[in-house]
file protein_21.cif (mmCIF, N, CA, C and O atoms)
data_query
#
loop_
_atom_site.label_atom_id
_atom_site.label_comp_id
_atom_site.auth_asym_id
_atom_site.auth_seq_id
_atom_site.Cartn_x
_atom_site.Cartn_y
_atom_site.Cartn_z
N MET W 1 116.28 98.60 112.26
CA MET W 1 115.96 99.44 111.14
C MET W 1 115.77 100.86 111.65
O MET W 1 115.11 101.09 112.63
N GLU W 2 116.37 101.81 110.95
CA GLU W 2 116.31 103.19 111.38
C GLU W 2 115.47 104.00 110.41
O GLU W 2 115.61 103.88 109.20
N LEU W 3 114.60 104.82 110.96
CA LEU W 3 113.76 105.71 110.16
C LEU W 3 114.33 107.10 110.27
O LEU W 3 114.49 107.63 111.36
N LYS W 4 114.68 107.69 109.15
CA LYS W 4 115.22 109.04 109.17
C LYS W 4 114.08 110.03 109.35
O LYS W 4 113.07 109.97 108.68
N ALA W 5 114.27 110.95 110.27
CA ALA W 5 113.27 111.98 110.51
C ALA W 5 113.74 113.27 109.87
O ALA W 5 114.88 113.67 110.03
N HIS W 6 112.88 113.89 109.12
CA HIS W 6 113.16 115.16 108.48
C HIS W 6 112.12 116.15 108.98
O HIS W 6 110.93 115.90 108.90
N LYS W 7 112.61 117.29 109.49
CA LYS W 7 111.69 118.26 110.06
C LYS W 7 111.16 119.19 108.98
O LYS W 7 111.91 119.80 108.25
N ARG W 8 109.87 119.25 108.92
CA ARG W 8 109.16 120.21 108.08
C ARG W 8 107.74 120.25 108.59
O ARG W 8 107.09 119.23 108.70
N ASP W 9 107.27 121.43 108.92
CA ASP W 9 105.97 121.55 109.55
C ASP W 9 104.80 121.42 108.60
O ASP W 9 103.69 121.15 109.02
N THR W 10 105.02 121.60 107.32
CA THR W 10 103.87 121.67 106.43
C THR W 10 103.44 120.33 105.84
O THR W 10 102.29 120.16 105.51
N ASP W 11 104.32 119.40 105.69
CA ASP W 11 103.96 118.12 105.09
C ASP W 11 104.41 116.97 105.98
O ASP W 11 105.58 116.82 106.25
N VAL W 12 103.45 116.17 106.41
CA VAL W 12 103.76 115.06 107.29
C VAL W 12 103.02 113.83 106.79
O VAL W 12 101.85 113.89 106.43
N LEU W 13 103.71 112.73 106.77
CA LEU W 13 103.09 111.44 106.50
C LEU W 13 103.14 110.64 107.78
O LEU W 13 104.21 110.45 108.35
N LYS W 14 101.99 110.19 108.24
CA LYS W 14 101.94 109.34 109.44
C LYS W 14 101.47 107.97 109.01
O LYS W 14 100.41 107.83 108.40
N ALA W 15 102.25 106.96 109.31
CA ALA W 15 101.88 105.58 108.98
C ALA W 15 101.45 104.88 110.26
O ALA W 15 102.17 104.91 111.25
N VAL W 16 100.30 104.27 110.22
CA VAL W 16 99.81 103.46 111.34
C VAL W 16 99.87 102.00 110.89
O VAL W 16 99.19 101.60 109.96
N ILE W 17 100.73 101.25 111.55
CA ILE W 17 101.02 99.89 111.14
C ILE W 17 100.97 98.99 112.36
O ILE W 17 101.41 99.37 113.44
N ASN W 18 100.42 97.80 112.19
CA ASN W 18 100.44 96.84 113.28
C ASN W 18 101.45 95.74 112.96
O ASN W 18 101.92 95.62 111.84
N TYR W 19 101.78 94.96 113.96
CA TYR W 19 102.69 93.85 113.75
C TYR W 19 101.92 92.74 113.05
O TYR W 19 100.89 92.30 113.52
N GLY W 20 102.40 92.31 111.95
CA GLY W 20 101.70 91.29 111.16
C GLY W 20 101.92 91.57 109.69
O GLY W 20 102.96 92.08 109.28
N ALA W 21 100.93 91.24 108.89
CA ALA W 21 101.06 91.37 107.44
C ALA W 21 101.37 92.81 107.01
O ALA W 21 102.16 93.04 106.10
N SER W 22 100.74 93.78 107.66
CA SER W 22 100.95 95.16 107.23
C SER W 22 102.33 95.70 107.59
O SER W 22 102.75 96.70 107.03
N CYS W 23 103.06 95.03 108.49
CA CYS W 23 104.39 95.53 108.84
C CYS W 23 105.40 95.28 107.72
O CYS W 23 106.50 95.80 107.77
N GLN W 24 105.02 94.53 106.71
CA GLN W 24 105.91 94.30 105.57
C GLN W 24 106.20 95.59 104.81
O GLN W 24 107.19 95.68 104.10
N ILE W 25 105.34 96.59 104.94
CA ILE W 25 105.55 97.86 104.26
C ILE W 25 106.54 98.75 105.02
O ILE W 25 107.06 99.71 104.46
N LEU W 26 106.87 98.43 106.27
CA LEU W 26 107.75 99.27 107.07
C LEU W 26 109.12 99.49 106.43
O LEU W 26 109.58 100.64 106.38
N PRO W 27 109.81 98.47 105.92
CA PRO W 27 111.10 98.74 105.26
C PRO W 27 110.96 99.68 104.06
O PRO W 27 111.81 100.55 103.84
N VAL W 28 109.89 99.54 103.31
CA VAL W 28 109.64 100.43 102.16
C VAL W 28 109.39 101.85 102.66
O VAL W 28 109.91 102.82 102.10
N PHE W 29 108.61 101.98 103.73
CA PHE W 29 108.33 103.27 104.33
C PHE W 29 109.64 103.96 104.73
O PHE W 29 109.83 105.15 104.47
N CYS W 30 110.55 103.20 105.33
CA CYS W 30 111.85 103.75 105.73
C CYS W 30 112.68 104.18 104.53
O CYS W 30 113.30 105.24 104.54
N GLN W 31 112.68 103.38 103.48
CA GLN W 31 113.43 103.72 102.27
C GLN W 31 112.85 104.98 101.62
O GLN W 31 113.59 105.85 101.15
N LEU W 32 111.54 105.07 101.58
CA LEU W 32 110.91 106.23 100.96
C LEU W 32 111.17 107.51 101.74
O LEU W 32 111.17 108.60 101.16
N SER W 33 111.42 107.40 103.04
CA SER W 33 111.73 108.60 103.82
C SER W 33 113.02 109.25 103.32
O SER W 33 113.18 110.46 103.42
N SER W 34 113.93 108.47 102.76
CA SER W 34 115.16 109.01 102.19
C SER W 34 114.93 109.60 100.81
O SER W 34 115.62 110.53 100.40
N LYS W 35 113.98 109.06 100.08
CA LYS W 35 113.70 109.54 98.72
C LYS W 35 112.88 110.82 98.70
O LYS W 35 112.84 111.52 97.69
N PHE W 36 112.20 111.12 99.79
CA PHE W 36 111.35 112.31 99.88
C PHE W 36 111.77 113.14 101.10
O PHE W 36 111.05 113.22 102.10
N PRO W 37 112.95 113.77 101.04
CA PRO W 37 113.48 114.48 102.21
C PRO W 37 112.69 115.72 102.61
O PRO W 37 112.84 116.21 103.73
N LYS W 38 111.82 116.20 101.75
CA LYS W 38 111.02 117.38 102.10
C LYS W 38 109.81 117.03 102.95
O LYS W 38 109.14 117.91 103.48
N LEU W 39 109.51 115.75 103.08
CA LEU W 39 108.38 115.29 103.88
C LEU W 39 108.87 114.77 105.23
O LEU W 39 109.95 114.20 105.32
N SER W 40 108.07 114.95 106.24
CA SER W 40 108.35 114.36 107.55
C SER W 40 107.60 113.04 107.64
O SER W 40 106.43 112.97 107.29
N PHE W 41 108.27 112.01 108.10
CA PHE W 41 107.69 110.68 108.22
C PHE W 41 107.55 110.32 109.69
O PHE W 41 108.50 110.46 110.46
N VAL W 42 106.38 109.86 110.08
CA VAL W 42 106.11 109.45 111.45
C VAL W 42 105.53 108.05 111.40
O VAL W 42 104.56 107.79 110.69
N TYR W 43 106.11 107.15 112.17
CA TYR W 43 105.61 105.77 112.24
C TYR W 43 104.93 105.59 113.60
O TYR W 43 105.48 105.96 114.63
N VAL W 44 103.74 105.03 113.57
CA VAL W 44 103.00 104.77 114.80
C VAL W 44 102.62 103.29 114.82
O VAL W 44 102.00 102.80 113.89
N ASP W 45 103.02 102.59 115.87
CA ASP W 45 102.65 101.19 116.05
C ASP W 45 101.29 101.15 116.74
O ASP W 45 101.15 101.63 117.86
N ILE W 46 100.31 100.59 116.08
CA ILE W 46 98.94 100.58 116.59
C ILE W 46 98.83 99.84 117.92
O ILE W 46 97.99 100.16 118.76
N ASP W 47 99.70 98.87 118.14
CA ASP W 47 99.67 98.10 119.39
C ASP W 47 100.33 98.86 120.54
O ASP W 47 100.00 98.64 121.70
N GLU W 48 101.27 99.75 120.22
CA GLU W 48 101.99 100.49 121.25
C GLU W 48 101.32 101.82 121.60
O GLU W 48 101.60 102.37 122.66
N CYS W 49 100.48 102.34 120.74
CA CYS W 49 99.86 103.66 120.95
C CYS W 49 98.36 103.59 120.73
O CYS W 49 97.82 104.26 119.85
N PRO W 50 97.64 102.80 121.52
CA PRO W 50 96.21 102.64 121.27
C PRO W 50 95.42 103.94 121.41
O PRO W 50 94.42 104.13 120.72
N GLU W 51 95.86 104.85 122.28
CA GLU W 51 95.11 106.10 122.44
C GLU W 51 95.24 106.99 121.21
O GLU W 51 94.33 107.76 120.90
N THR W 52 96.33 106.89 120.50
CA THR W 52 96.55 107.69 119.29
C THR W 52 95.87 107.08 118.08
O THR W 52 95.50 107.79 117.16
N THR W 53 95.71 105.79 118.10
CA THR W 53 95.24 105.08 116.90
C THR W 53 93.86 104.46 117.08
O THR W 53 93.47 103.60 116.31
N GLN W 54 93.09 104.92 118.05
CA GLN W 54 91.82 104.28 118.37
C GLN W 54 90.79 104.35 117.24
O GLN W 54 89.89 103.54 117.18
N HIS W 55 90.92 105.31 116.32
CA HIS W 55 89.94 105.43 115.24
C HIS W 55 90.43 104.79 113.94
O HIS W 55 89.78 104.93 112.91
N ILE W 56 91.54 104.09 113.98
CA ILE W 56 92.09 103.43 112.79
C ILE W 56 91.36 102.10 112.61
O ILE W 56 91.29 101.30 113.53
N ARG W 57 90.83 101.87 111.43
CA ARG W 57 90.09 100.63 111.16
C ARG W 57 90.89 99.65 110.30
O ARG W 57 90.64 98.46 110.34
N TYR W 58 91.82 100.14 109.49
CA TYR W 58 92.59 99.29 108.59
C TYR W 58 94.06 99.58 108.77
O TYR W 58 94.45 100.72 109.02
N THR W 59 94.88 98.55 108.64
CA THR W 59 96.32 98.75 108.67
C THR W 59 96.94 98.10 107.45
O THR W 59 96.49 97.03 107.04
N PRO W 60 97.93 98.74 106.88
CA PRO W 60 98.42 100.06 107.26
C PRO W 60 97.50 101.18 106.75
O PRO W 60 96.80 101.03 105.77
N THR W 61 97.54 102.27 107.48
CA THR W 61 96.85 103.50 107.10
C THR W 61 97.89 104.60 107.04
O THR W 61 98.73 104.70 107.93
N PHE W 62 97.83 105.40 106.01
CA PHE W 62 98.76 106.52 105.85
C PHE W 62 97.95 107.81 105.83
O PHE W 62 97.01 107.95 105.06
N HIS W 63 98.32 108.74 106.70
CA HIS W 63 97.68 110.06 106.76
C HIS W 63 98.68 111.09 106.25
O HIS W 63 99.84 111.07 106.63
N PHE W 64 98.19 112.00 105.45
CA PHE W 64 99.01 113.08 104.92
C PHE W 64 98.48 114.40 105.46
O PHE W 64 97.28 114.67 105.38
N TYR W 65 99.38 115.20 106.04
CA TYR W 65 99.00 116.46 106.67
C TYR W 65 99.73 117.62 106.00
O TYR W 65 100.87 117.50 105.58
N ARG W 66 99.05 118.75 105.94
CA ARG W 66 99.66 120.00 105.48
C ARG W 66 99.17 121.09 106.42
O ARG W 66 97.97 121.24 106.62
N ASP W 67 100.11 121.82 107.01
CA ASP W 67 99.78 122.89 107.96
C ASP W 67 98.88 122.40 109.09
O ASP W 67 97.95 123.09 109.50
N GLY W 68 99.12 121.19 109.56
CA GLY W 68 98.37 120.64 110.68
C GLY W 68 97.03 120.03 110.33
O GLY W 68 96.36 119.47 111.20
N GLU W 69 96.60 120.12 109.09
CA GLU W 69 95.32 119.58 108.64
C GLU W 69 95.53 118.31 107.83
O GLU W 69 96.41 118.28 106.96
N ARG W 70 94.74 117.30 108.09
CA ARG W 70 94.83 116.09 107.28
C ARG W 70 94.23 116.38 105.91
O ARG W 70 93.10 116.80 105.79
N VAL W 71 95.03 116.15 104.86
CA VAL W 71 94.59 116.46 103.50
C VAL W 71 94.39 115.21 102.65
O VAL W 71 93.83 115.30 101.55
N ASP W 72 94.85 114.07 103.14
CA ASP W 72 94.73 112.85 102.35
C ASP W 72 94.89 111.65 103.28
O ASP W 72 95.43 111.77 104.37
N GLU W 73 94.42 110.51 102.80
CA GLU W 73 94.51 109.26 103.56
C GLU W 73 94.61 108.13 102.56
O GLU W 73 93.99 108.15 101.50
N MET W 74 95.41 107.13 102.89
CA MET W 74 95.56 105.97 102.03
C MET W 74 95.53 104.71 102.87
O MET W 74 96.15 104.66 103.94
N PHE W 75 94.79 103.72 102.41
CA PHE W 75 94.73 102.42 103.08
C PHE W 75 95.44 101.40 102.22
O PHE W 75 95.31 101.42 101.00
N GLY W 76 96.15 100.48 102.84
CA GLY W 76 96.79 99.40 102.09
C GLY W 76 98.28 99.60 101.97
O GLY W 76 98.81 100.67 102.22
N ALA W 77 98.95 98.51 101.57
CA ALA W 77 100.41 98.49 101.60
C ALA W 77 101.05 98.45 100.22
O ALA W 77 102.14 97.97 100.07
N GLY W 78 100.41 98.97 99.21
CA GLY W 78 100.99 98.96 97.87
C GLY W 78 102.17 99.90 97.76
O GLY W 78 102.02 101.12 97.92
N GLU W 79 103.35 99.36 97.49
CA GLU W 79 104.56 100.17 97.42
C GLU W 79 104.47 101.24 96.33
O GLU W 79 104.81 102.40 96.56
N ASP W 80 104.01 100.87 95.14
CA ASP W 80 103.90 101.84 94.04
C ASP W 80 102.86 102.91 94.35
O ASP W 80 103.08 104.09 94.06
N ARG W 81 101.75 102.50 94.94
CA ARG W 81 100.71 103.47 95.31
C ARG W 81 101.24 104.47 96.34
O ARG W 81 100.98 105.67 96.25
N LEU W 82 101.99 103.96 97.33
CA LEU W 82 102.53 104.83 98.36
C LEU W 82 103.54 105.80 97.75
O LEU W 82 103.52 106.99 98.04
N HIS W 83 104.41 105.29 96.90
CA HIS W 83 105.39 106.15 96.23
C HIS W 83 104.69 107.25 95.44
O HIS W 83 105.06 108.42 95.53
N ASP W 84 103.66 106.90 94.68
CA ASP W 84 102.93 107.89 93.88
C ASP W 84 102.25 108.93 94.76
O ASP W 84 102.25 110.12 94.43
N ARG W 85 101.70 108.51 95.86
CA ARG W 85 101.02 109.44 96.77
C ARG W 85 102.04 110.38 97.41
O ARG W 85 101.77 111.57 97.56
N LEU W 86 103.20 109.84 97.77
CA LEU W 86 104.26 110.70 98.32
C LEU W 86 104.72 111.73 97.30
O LEU W 86 104.93 112.89 97.62
N TRP W 87 104.88 111.28 96.07
CA TRP W 87 105.29 112.19 95.00
C TRP W 87 104.25 113.31 94.84
O TRP W 87 104.61 114.49 94.69
N LEU W 88 102.99 112.96 94.93
CA LEU W 88 101.92 113.94 94.81
C LEU W 88 102.00 115.01 95.90
O LEU W 88 101.75 116.19 95.65
N HIS W 89 102.38 114.60 97.11
CA HIS W 89 102.39 115.53 98.24
C HIS W 89 103.75 116.18 98.49
O HIS W 89 103.87 116.99 99.41
N SER W 90 104.74 115.83 97.72
CA SER W 90 106.07 116.40 97.96
C SER W 90 106.28 117.69 97.19
O SER W 90 105.54 118.06 96.34
#

call {"tool": "encode", "arguments": {"input": "protein_21.cif", "output": "structure tokens"}}
result
Amino acid sequence: MELKAHKRDTDVLKAVINYGASCQILPVFCQLSSKFPKLSFVYVDIDECPETTQHIRYTPTFHFYRDGERVDEMFGAGEDRLHDRLWLHS
């Protein structure tokens, strides 16, 4: 599965996902990266990057950044909720 990366410094969505139940949202995350080309999408595997994800308590967790500052956070794998949040930040 390929995740398209779109460069834009002001809006970034970072998804922290572990292998297991929460990884079911990964294909949706990849599809949504095509639907929201103005946003940059970053996927972080909690098992592969423990130093980056040490403060994550729930998976999946989605962080939304603007100009380097975290402006929003979402917990859970609801496809409709994620789509709505992306629309809000796009």

call {"tool": "atom_distance", "arguments": {"input": "protein_21.cif", "atom1": "CA of His83 in chain W", "atom2": "CA of Ser34 in chain W"}}
result
11.8 Å

call {"tool": "select_by_dssp", "arguments": {"input": "protein_21.cif", "residues": "chain W", "states": "helix (DSSP H, G or I)", "output": "PyMOL selection string"}}
result
chain W and resi 21-35+79-89

call {"tool": "closest_residue", "arguments": {"input": "protein_21.cif", "among": "W:Arg85, W:His63, W:His55, W:Lys14", "to": "Ser40 in chain W", "atoms": "only C-alpha atoms"}}
result
W:Lys14

call {"tool": "atom_distance", "arguments": {"input": "protein_21.cif", "atom1": "atom N of Leu32 in chain W", "atom2": "atom C of Val71 in chain W"}}
result
20.0 Å

call {"tool": "resolve_selection", "arguments": {"input": "protein_21.cif", "expression": "the PyMOL selection byres ((chain W and resi 61) around 6)", "output": "list in words"}}
result
Lys14, Ala15, Val16, Ile17, Tyr58, Thr59, Pro60, Phe62, His63, Met74, Phe75 and Gly76 of chain W

call {"tool": "write_last_selection", "arguments": {"input": "protein_21.cif", "atoms": "N, CA, C and O atoms", "output": "mmCIF file, keeping the file's coordinate frame"}}
result
data_model
loop_
_atom_site.group_PDB
_atom_site.id
_atom_site.type_symbol
_atom_site.label_atom_id
_atom_site.label_comp_id
_atom_site.auth_asym_id
_atom_site.auth_seq_id
_atom_site.Cartn_x
_atom_site.Cartn_y
_atom_site.Cartn_z
ATOM 1 N N LYS W 14 101.990 110.190 108.240
ATOM 2 C CA LYS W 14 101.940 109.340 109.440
ATOM 3 C C LYS W 14 101.470 107.970 109.010
ATOM 4 O O LYS W 14 100.410 107.830 108.400
ATOM 5 N N ALA W 15 102.250 106.960 109.310
ATOM 6 C CA ALA W 15 101.880 105.580 108.980
ATOM 7 C C ALA W 15 101.450 104.880 110.260
ATOM 8 O O ALA W 15 102.170 104.910 111.250
ATOM 9 N N VAL W 16 100.300 104.270 110.220
ATOM 10 C CA VAL W 16 99.810 103.460 111.340
ATOM 11 C C VAL W 16 99.870 102.000 110.890
ATOM 12 O O VAL W 16 99.190 101.600 109.960
ATOM 13 N N ILE W 17 100.730 101.250 111.550
ATOM 14 C CA ILE W 17 101.020 99.890 111.140
ATOM 15 C C ILE W 17 100.970 98.990 112.360
ATOM 16 O O ILE W 17 101.410 99.370 113.440
ATOM 17 N N TYR W 58 91.820 100.140 109.490
ATOM 18 C CA TYR W 58 92.590 99.290 108.590
ATOM 19 C C TYR W 58 94.060 99.580 108.770
ATOM 20 O O TYR W 58 94.450 100.720 109.020
ATOM 21 N N THR W 59 94.880 98.550 108.640
ATOM 22 C CA THR W 59 96.320 98.750 108.670
ATOM 23 C C THR W 59 96.940 98.100 107.450
ATOM 24 O O THR W 59 96.490 97.030 107.040
ATOM 25 N N PRO W 60 97.930 98.740 106.880
ATOM 26 C CA PRO W 60 98.420 100.060 107.260
ATOM 27 C C PRO W 60 97.500 101.180 106.750
ATOM 28 O O PRO W 60 96.800 101.030 105.770
ATOM 29 N N PHE W 62 97.830 105.400 106.010
ATOM 30 C CA PHE W 62 98.760 106.520 105.850
ATOM 31 C C PHE W 62 97.950 107.810 105.830
ATOM 32 O O PHE W 62 97.010 107.950 105.060
ATOM 33 N N HIS W 63 98.320 108.740 106.700
ATOM 34 C CA HIS W 63 97.680 110.060 106.760
ATOM 35 C C HIS W 63 98.680 111.090 106.250
ATOM 36 O O HIS W 63 99.840 111.070 106.630
ATOM 37 N N MET W 74 95.410 107.130 102.890
ATOM 38 C CA MET W 74 95.560 105.970 102.030
ATOM 39 C C MET W 74 95.530 104.710 102.870
ATOM 40 O O MET W 74 96.150 104.660 103.940
ATOM 41 N N PHE W 75 94.790 103.720 102.410
ATOM 42 C CA PHE W 75 94.730 102.420 103.080
ATOM 43 C C PHE W 75 95.440 101.400 102.220
ATOM 44 O O PHE W 75 95.310 101.420 101.000
ATOM 45 N N GLY W 76 96.150 100.480 102.840
ATOM 46 C CA GLY W 76 96.790 99.400 102.090
ATOM 47 C C GLY W 76 98.280 99.600 101.970
ATOM 48 O O GLY W 76 98.810 100.670 102.220
#

call {"tool": "closest_residue", "arguments": {"input": "protein_21.cif", "among": "W:Asn18, W:Cys23, W:Glu48, W:Phe64", "to": "Trp87 in chain W", "atoms": "only C-alpha atoms"}}
result
W:Phe64

call {"tool": "atom_distance", "arguments": {"input": "protein_21.cif", "atom1": "CA of Arg66 in chain W", "atom2": "atom C of Phe29 in chain W"}}
result
18.9 Å
